[in-house]
$ cat upload.cif   # mmCIF, C-alpha atoms and all ligand atoms
data_model
loop_
_atom_site.group_PDB
_atom_site.id
_atom_site.type_symbol
_atom_site.label_atom_id
_atom_site.label_comp_id
_atom_site.auth_asym_id
_atom_site.auth_seq_id
_atom_site.Cartn_x
_atom_site.Cartn_y
_atom_site.Cartn_z
ATOM 1 C CA MET A 20 104.512 130.104 166.273
ATOM 2 C CA ALA A 21 101.048 129.941 164.743
ATOM 3 C CA LEU A 22 99.966 127.048 166.911
ATOM 4 C CA ALA A 23 96.238 127.798 166.886
ATOM 5 C CA GLU A 24 96.178 128.204 163.097
ATOM 6 C CA ASN A 25 98.193 125.032 162.634
ATOM 7 C CA LEU A 26 95.766 123.105 164.814
ATOM 8 C CA ASP A 27 92.769 124.481 162.914
ATOM 9 C CA ARG A 28 94.378 123.474 159.638
ATOM 10 C CA ILE A 29 95.132 119.968 160.934
ATOM 11 C CA ARG A 30 91.574 119.515 162.182
ATOM 12 C CA ALA A 31 90.232 120.627 158.802
ATOM 13 C CA ARG A 32 92.520 118.176 156.963
ATOM 14 C CA ILE A 33 91.459 115.339 159.209
ATOM 15 C CA ALA A 34 87.777 116.223 158.879
ATOM 16 C CA ILE A 35 88.070 116.055 155.083
ATOM 17 C CA ALA A 36 89.900 112.726 155.205
ATOM 18 C CA CYS A 37 87.245 111.380 157.598
ATOM 19 C CA ASP A 38 84.499 112.547 155.267
ATOM 20 C CA ARG A 39 86.140 110.819 152.347
ATOM 21 C CA SER A 40 86.387 107.554 154.241
ATOM 22 C CA GLY A 41 83.014 107.564 155.992
ATOM 23 C CA ARG A 42 84.434 108.168 159.459
ATOM 24 C CA THR A 43 83.679 110.776 162.097
ATOM 25 C CA PRO A 44 86.536 112.954 163.388
ATOM 26 C CA ASP A 45 85.907 111.848 166.973
ATOM 27 C CA THR A 46 87.275 108.405 166.029
ATOM 28 C CA VAL A 47 90.719 109.898 165.343
ATOM 29 C CA GLU A 48 92.717 111.086 168.329
ATOM 30 C CA LEU A 49 95.428 113.722 167.867
ATOM 31 C CA MET A 50 98.709 113.324 169.679
ATOM 32 C CA ALA A 51 101.015 116.338 169.913
ATOM 33 C CA VAL A 52 104.571 115.028 169.516
ATOM 34 C CA SER A 53 106.450 117.365 171.824
ATOM 35 C CA LYS A 54 109.977 115.884 171.696
ATOM 36 C CA ASN A 55 112.651 118.601 171.624
ATOM 37 C CA HIS A 56 110.059 121.271 172.448
ATOM 38 C CA PRO A 57 110.257 123.169 175.737
ATOM 39 C CA PRO A 58 107.545 123.052 178.412
ATOM 40 C CA SER A 59 106.325 126.527 177.408
ATOM 41 C CA THR A 60 105.414 125.263 173.936
ATOM 42 C CA ILE A 61 103.676 122.239 175.408
ATOM 43 C CA ALA A 62 101.726 124.451 177.804
ATOM 44 C CA ALA A 63 100.577 126.570 174.851
ATOM 45 C CA ALA A 64 99.343 123.443 173.060
ATOM 46 C CA ALA A 65 97.580 122.287 176.206
ATOM 47 C CA SER A 66 95.814 125.626 176.494
ATOM 48 C CA LEU A 67 94.333 124.998 173.018
ATOM 49 C CA GLY A 68 92.728 121.835 174.359
ATOM 50 C CA LEU A 69 95.317 119.229 173.361
ATOM 51 C CA GLN A 70 95.642 116.593 176.068
ATOM 52 C CA LEU A 71 97.738 113.785 174.628
ATOM 53 C CA PHE A 72 101.482 114.299 174.200
ATOM 54 C CA GLY A 73 104.181 112.025 172.804
ATOM 55 C CA GLU A 74 107.815 111.983 173.877
ATOM 56 C CA SER A 75 110.666 109.910 172.440
ATOM 57 C CA ARG A 76 113.153 109.888 175.310
ATOM 58 C CA VAL A 77 112.645 109.002 178.946
ATOM 59 C CA GLN A 78 115.413 111.360 180.041
ATOM 60 C CA GLU A 79 113.822 114.362 178.355
ATOM 61 C CA ALA A 80 110.316 113.465 179.532
ATOM 62 C CA ARG A 81 111.489 113.150 183.122
ATOM 63 C CA LEU A 82 112.583 116.787 183.080
ATOM 64 C CA LYS A 83 109.538 118.174 181.279
ATOM 65 C CA ILE A 84 106.486 116.289 182.523
ATOM 66 C CA PRO A 85 106.693 117.521 186.151
ATOM 67 C CA GLN A 86 106.606 121.118 184.864
ATOM 68 C CA LEU A 87 103.270 120.654 183.130
ATOM 69 C CA PRO A 88 99.642 120.320 184.273
ATOM 70 C CA GLY A 89 98.837 116.927 185.777
ATOM 71 C CA ARG A 90 95.754 116.488 183.595
ATOM 72 C CA LEU A 91 97.840 115.921 180.437
ATOM 73 C CA ARG A 92 98.394 112.369 179.161
ATOM 74 C CA TRP A 93 101.828 111.220 177.998
ATOM 75 C CA HIS A 94 102.796 108.326 175.729
ATOM 76 C CA LEU A 95 106.303 107.095 175.041
ATOM 77 C CA ILE A 96 106.823 106.751 171.277
ATOM 78 C CA GLY A 97 110.606 106.213 171.057
ATOM 79 C CA HIS A 98 112.778 103.144 171.582
ATOM 80 C CA LEU A 99 113.042 102.187 175.239
ATOM 81 C CA GLN A 100 116.058 100.594 176.886
ATOM 82 C CA SER A 101 115.397 98.044 179.609
ATOM 83 C CA ASN A 102 117.286 100.056 182.230
ATOM 84 C CA LYS A 103 114.791 102.931 181.805
ATOM 85 C CA CYS A 104 111.637 100.831 182.211
ATOM 86 C CA ARG A 105 111.105 101.851 185.821
ATOM 87 C CA ASP A 106 111.043 105.551 184.943
ATOM 88 C CA ALA A 107 108.919 104.917 181.861
ATOM 89 C CA VAL A 108 106.258 103.134 183.902
ATOM 90 C CA GLY A 109 106.198 106.042 186.326
ATOM 91 C CA LEU A 110 105.957 108.749 183.676
ATOM 92 C CA PHE A 111 103.797 107.417 180.856
ATOM 93 C CA SER A 112 100.189 106.262 180.651
ATOM 94 C CA MET A 113 101.079 104.188 177.587
ATOM 95 C CA VAL A 114 104.232 102.868 175.926
ATOM 96 C CA GLN A 115 103.604 102.732 172.168
ATOM 97 C CA SER A 116 107.087 101.541 171.303
ATOM 98 C CA VAL A 117 107.205 98.016 172.729
ATOM 99 C CA ASP A 118 109.487 96.296 170.233
ATOM 100 C CA SER A 119 110.745 93.080 171.845
ATOM 101 C CA LEU A 120 109.724 90.338 174.237
ATOM 102 C CA PRO A 121 112.507 91.068 176.775
ATOM 103 C CA LEU A 122 111.378 94.703 176.879
ATOM 104 C CA ALA A 123 107.753 93.664 177.406
ATOM 105 C CA GLN A 124 108.825 91.331 180.214
ATOM 106 C CA GLU A 125 110.850 94.031 181.940
ATOM 107 C CA LEU A 126 108.006 96.556 181.623
ATOM 108 C CA SER A 127 105.621 94.072 183.199
ATOM 109 C CA ARG A 128 108.055 93.492 186.086
ATOM 110 C CA CYS A 129 108.464 97.234 186.672
ATOM 111 C CA ALA A 130 104.710 97.816 186.484
ATOM 112 C CA ALA A 131 104.193 95.091 189.078
ATOM 113 C CA LYS A 132 106.620 96.793 191.443
ATOM 114 C CA GLN A 133 104.691 100.059 191.076
ATOM 115 C CA ALA A 134 101.332 98.274 191.466
ATOM 116 C CA LYS A 135 100.264 99.389 188.003
ATOM 117 C CA THR A 136 98.896 97.900 184.825
ATOM 118 C CA LEU A 137 100.527 99.468 181.785
ATOM 119 C CA PRO A 138 98.706 99.887 178.455
ATOM 120 C CA ILE A 139 101.046 99.210 175.521
ATOM 121 C CA LEU A 140 101.140 99.142 171.754
ATOM 122 C CA LEU A 141 103.383 96.834 169.773
ATOM 123 C CA GLU A 142 105.581 98.758 167.364
ATOM 124 C CA VAL A 143 105.732 96.978 164.028
ATOM 125 C CA ASN A 144 108.415 97.538 161.408
ATOM 126 C CA ILE A 145 106.080 96.742 158.530
ATOM 127 C CA ALA A 146 108.480 97.758 155.771
ATOM 128 C CA GLY A 147 111.346 95.822 157.391
ATOM 129 C CA GLU A 148 113.682 98.819 157.403
ATOM 130 C CA ALA A 149 117.067 98.044 158.968
ATOM 131 C CA SER A 150 117.228 101.555 160.464
ATOM 132 C CA LYS A 151 114.018 101.157 162.450
ATOM 133 C CA PHE A 152 113.027 99.411 165.640
ATOM 134 C CA GLY A 153 109.918 97.262 165.785
ATOM 135 C CA TRP A 154 108.715 93.704 165.347
ATOM 136 C CA GLN A 155 108.714 92.038 162.026
ATOM 137 C CA ARG A 156 105.171 91.302 160.938
ATOM 138 C CA ASP A 157 105.326 87.535 161.552
ATOM 139 C CA GLN A 158 107.083 87.937 164.906
ATOM 140 C CA VAL A 159 104.079 89.857 166.202
ATOM 141 C CA LEU A 160 101.785 86.896 165.706
ATOM 142 C CA THR A 161 104.230 84.372 167.163
ATOM 143 C CA SER A 162 104.945 86.519 170.249
ATOM 144 C CA LEU A 163 101.431 87.824 170.812
ATOM 145 C CA ASP A 164 100.234 85.161 173.237
ATOM 146 C CA LEU A 165 103.387 85.440 175.339
ATOM 147 C CA ILE A 166 103.024 89.211 175.625
ATOM 148 C CA ASN A 167 99.330 88.905 176.316
ATOM 149 C CA ALA A 168 100.118 86.535 179.172
ATOM 150 C CA LEU A 169 102.343 89.066 180.957
ATOM 151 C CA PRO A 170 100.422 89.994 184.082
ATOM 152 C CA LYS A 171 100.881 93.759 184.195
ATOM 153 C CA LEU A 172 100.702 94.724 180.500
ATOM 154 C CA GLU A 173 97.560 95.371 178.489
ATOM 155 C CA ILE A 174 97.923 95.244 174.700
ATOM 156 C CA HIS A 175 95.805 98.060 173.248
ATOM 157 C CA GLY A 176 96.918 97.827 169.631
ATOM 158 C CA LEU A 177 99.693 98.423 167.129
ATOM 159 C CA MET A 178 101.910 101.321 166.104
ATOM 160 C CA THR A 179 104.096 101.918 163.061
ATOM 161 C CA LEU A 180 106.215 104.538 161.352
ATOM 162 C CA ALA A 181 105.990 104.584 157.571
ATOM 163 C CA PRO A 182 109.272 104.826 155.656
ATOM 164 C CA TYR A 183 110.240 108.428 155.073
ATOM 165 C CA SER A 184 108.946 109.790 151.771
ATOM 166 C CA THR A 185 107.717 113.081 150.387
ATOM 167 C CA ASP A 186 104.859 111.171 148.725
ATOM 168 C CA PRO A 187 102.180 110.217 151.294
ATOM 169 C CA GLU A 188 100.820 107.528 148.961
ATOM 170 C CA ARG A 189 103.987 105.535 149.647
ATOM 171 C CA ALA A 190 102.729 105.038 153.187
ATOM 172 C CA ARG A 191 99.381 103.573 152.138
ATOM 173 C CA PRO A 192 100.455 99.914 151.749
ATOM 174 C CA VAL A 193 102.285 100.121 155.081
ATOM 175 C CA PHE A 194 99.216 101.479 156.864
ATOM 176 C CA ARG A 195 96.960 98.943 155.162
ATOM 177 C CA ALA A 196 99.243 96.116 156.259
ATOM 178 C CA LEU A 197 99.184 97.344 159.864
ATOM 179 C CA TYR A 198 95.381 97.480 159.774
ATOM 180 C CA GLU A 199 95.264 93.901 158.485
ATOM 181 C CA LEU A 200 97.788 92.755 161.081
ATOM 182 C CA LYS A 201 95.665 94.271 163.845
ATOM 183 C CA ARG A 202 92.687 92.236 162.611
ATOM 184 C CA GLU A 203 94.793 89.080 162.676
ATOM 185 C CA CYS A 204 95.918 89.882 166.212
ATOM 186 C CA GLU A 205 92.325 90.438 167.265
ATOM 187 C CA GLN A 206 91.334 87.058 165.872
ATOM 188 C CA GLN A 207 94.212 85.323 167.578
ATOM 189 C CA LEU A 208 93.470 86.987 170.918
ATOM 190 C CA GLY A 209 89.722 86.791 170.613
ATOM 191 C CA ALA A 210 89.559 90.396 171.745
ATOM 192 C CA ARG A 211 89.268 93.798 170.167
ATOM 193 C CA LEU A 212 92.352 96.027 169.995
ATOM 194 C CA PRO A 213 91.085 99.616 169.991
ATOM 195 C CA VAL A 214 94.231 101.520 168.969
ATOM 196 C CA LEU A 215 95.953 101.801 165.599
ATOM 197 C CA SER A 216 98.666 104.448 165.962
ATOM 198 C CA MET A 217 99.816 105.495 162.504
ATOM 199 C CA GLY A 218 100.140 108.709 160.543
ATOM 200 C CA MET A 219 102.370 111.731 161.102
ATOM 201 C CA SER A 220 102.554 115.254 159.696
ATOM 202 C CA GLY A 221 103.286 114.162 156.138
ATOM 203 C CA ASP A 222 100.790 111.341 155.782
ATOM 204 C CA MET A 223 97.900 111.984 158.170
ATOM 205 C CA GLU A 224 95.144 111.882 155.537
ATOM 206 C CA VAL A 225 96.296 108.534 154.151
ATOM 207 C CA ALA A 226 96.500 107.148 157.684
ATOM 208 C CA VAL A 227 92.926 108.226 158.426
ATOM 209 C CA GLU A 228 91.735 106.640 155.197
ATOM 210 C CA GLU A 229 93.447 103.386 156.194
ATOM 211 C CA GLY A 230 91.890 103.239 159.649
ATOM 212 C CA SER A 231 94.237 105.059 162.013
ATOM 213 C CA THR A 232 92.749 105.890 165.413
ATOM 214 C CA LEU A 233 95.712 107.965 166.640
ATOM 215 C CA ILE A 234 97.730 110.444 164.565
ATOM 216 C CA ARG A 235 101.106 111.574 165.935
ATOM 217 C CA LEU A 236 101.816 115.169 164.901
ATOM 218 C CA GLY A 237 104.991 117.113 165.454
ATOM 219 C CA THR A 238 105.979 119.357 162.570
ATOM 220 C CA ALA A 239 102.457 120.108 161.289
ATOM 221 C CA LEU A 240 101.534 121.405 164.722
ATOM 222 C CA PHE A 241 104.678 123.005 166.114
ATOM 223 C CA GLY A 242 106.669 123.762 162.974
ATOM 224 C CA GLU A 243 110.198 122.506 162.554
ATOM 225 C CA ARG A 244 111.620 120.811 165.654
ATOM 226 C CA PRO A 245 114.369 122.651 167.513
ATOM 227 C CA LYS A 246 117.619 120.747 167.816
ATOM 228 C CA LEU A 247 118.236 119.367 171.268
ATOM 229 C CA GLN A 248 120.269 121.617 173.543
ATOM 230 C CA ARG A 249 122.095 118.756 175.159
ATOM 231 C CA GLN A 250 123.394 115.577 173.606
ATOM 232 C CA PRO A 251 120.790 112.853 173.982
ATOM 233 C CA ASP A 252 122.088 110.278 176.431
ATOM 234 C CA GLY A 253 120.782 107.315 174.515
ATOM 235 C CA ALA A 254 117.514 107.187 176.404
HETATM 236 C C1 LIG A 301 108.937 112.554 165.793
HETATM 237 C C2 LIG A 301 107.869 111.518 165.676
HETATM 238 C C3 LIG A 301 106.596 111.829 165.143
HETATM 239 C C4 LIG A 301 106.219 113.198 164.607
HETATM 240 O O1 LIG A 301 106.780 113.427 163.359
HETATM 241 P P1 LIG A 301 106.338 114.689 162.465
HETATM 242 O O2 LIG A 301 106.697 114.280 161.090
HETATM 243 O O3 LIG A 301 107.105 115.857 162.953
HETATM 244 O O4 LIG A 301 104.866 114.866 162.633
HETATM 245 C C5 LIG A 301 105.642 110.819 165.133
HETATM 246 N N1 LIG A 301 105.921 109.591 165.594
HETATM 247 C C6 LIG A 301 107.115 109.256 166.098
HETATM 248 C C7 LIG A 301 107.341 107.872 166.592
HETATM 249 C C8 LIG A 301 108.123 110.207 166.147
HETATM 250 O O5 LIG A 301 109.329 109.855 166.644
#

$ encode --input "upload.cif" --output "structure tokens"
Amino acid sequence: MALAENLDRIRARIAIACDRSGRTPDTVELMAVSKNHPPSTIAAAASLGLQLFGESRVQEARLKIPQLPGRLRWHLIGHLQSNKCRDAVGLFSMVQSVDSLPLAQELSRCAAKQAKTLPILLEVNIAGEASKFGWQRDQVLTSLDLINALPKLEIHGLMTLAPYSTDPERARPVFRALYELKRECEQQLGARLPVLSMGMSGDMEVAVEEGSTLIRLGTALFGERPKLQRQPDGA
């Protein structure tokens, strides 16, 4: 796998998109999405200087994270079931995929038991796709104060997945809407939300142009994802 070349190419693409939009590359963090990849691949990415990794399943992360250097940071980016909140709080420094009030409440309870405060993002289903998890746009604003009041969660921003398309321009209105929604949330809370997690391998430039602060990259970095060896257990 040409990991180093892939990373160079990604950094060059992001630098150009930053240039075009008057941003500096240090305002865009790269997450390596390591789901389905073995610890050896993750270690290789870490040795190139990558520090932030994204996993979709608690079960898989629980097996892999202990095998890797403790200095790496891990975010959960896949749907979380309430019965896995305790493990998620123990494993991840951020949960980006908070998609309901009951889940937020359970995460706060589990964080309290582990004497932690957990940074979260709210996952928003901007395009309203039936196949995707996430809050509807309006639900975010009506639930925001309740989530913000939970004692052991800290809202750091918003996350979204654009509808799948081979044309990155199709993602632009989705990313723009998430940017606008973050501003509305900031006004309502009277506080700045530093993180806008949007953009993947196929649409990273558009995401940067629309204000993303965190790009989640799987395929562009690692190549095509291996199929899972074992059946996922619904984690
Ligand atoms: C798998 C995944 C990614 C990475 O997708 P690529 O297209 O391979 O870059 C990003 N975000 C989430 C939430 C994912 O599940």

$ residues_around --input "upload.cif" --residues "Arg211 of chain A" --least-positions-apart "4" --cutoff "10 Å" --atoms "only C-alpha atoms" --output "PDB file with C-alpha atoms, keeping the file's coordinate frame"
ATOM      1  CA  ILE A 174      97.923  95.244 174.700  1.00  0.00           C
ATOM      2  CA  HIS A 175      95.805  98.060 173.248  1.00  0.00           C
ATOM      3  CA  GLY A 176      96.918  97.827 169.631  1.00  0.00           C
ATOM      4  CA  LYS A 201      95.665  94.271 163.845  1.00  0.00           C
ATOM      5  CA  ARG A 202      92.687  92.236 162.611  1.00  0.00           C
ATOM      6  CA  CYS A 204      95.918  89.882 166.212  1.00  0.00           C
ATOM      7  CA  GLU A 205      92.325  90.438 167.265  1.00  0.00           C
ATOM      8  CA  GLN A 206      91.334  87.058 165.872  1.00  0.00           C
TER       9      GLN A 206
END

$ resolve_selection --input "upload.cif" --expression "the PyMOL selection byres (((chain A and resi 180) around 9) and not hetatm)" --output "ChimeraX atom specification"
/A:142-145,151,178-179,181-183,190,193-194,216-219

$ resolve_selection --input "upload.cif" --expression "the PyMOL selection byres (((not hetatm)) within 8 of (chain A and resi 301))" --output "PyMOL selection string"
chain A and resi 52+54+73-75+96-97+116+179-180+217-221+234-240+242-244

$ resolve_selection --input "upload.cif" --expression "the PyMOL selection byres (((chain A and resi 72) around 12) and not hetatm)" --output "ChimeraX atom specification"
/A:48-54,56,58,60-62,64-65,68-71,73-75,80,83-84,87-88,90-96,110-115,233-237,240

$ closest_residue --input "upload.cif" --among "A:Ile139, A:Val108, A:Leu169, A:Ala63" --to "Gln124 of chain A" --atoms "only C-alpha atoms"
A:Leu169

$ closest_residue --input "upload.cif" --among "A:Leu67, A:Leu82, A:Ala149, A:Met223" --to "Ala31 of chain A" --atoms "all atoms listed in the file"
A:Met223

$ closest_residue --input "upload.cif" --among "A:Arg76, A:Arg156, A:Lys103, A:Lys171" --to "Lys135 of chain A" --atoms "all atoms listed in the file"
A:Lys171

$ atom_distance --input "upload.cif" --atom1 "atom CA of Glu228 of chain A" --atom2 "atom CA of Ala36 of chain A"
6.4 Å
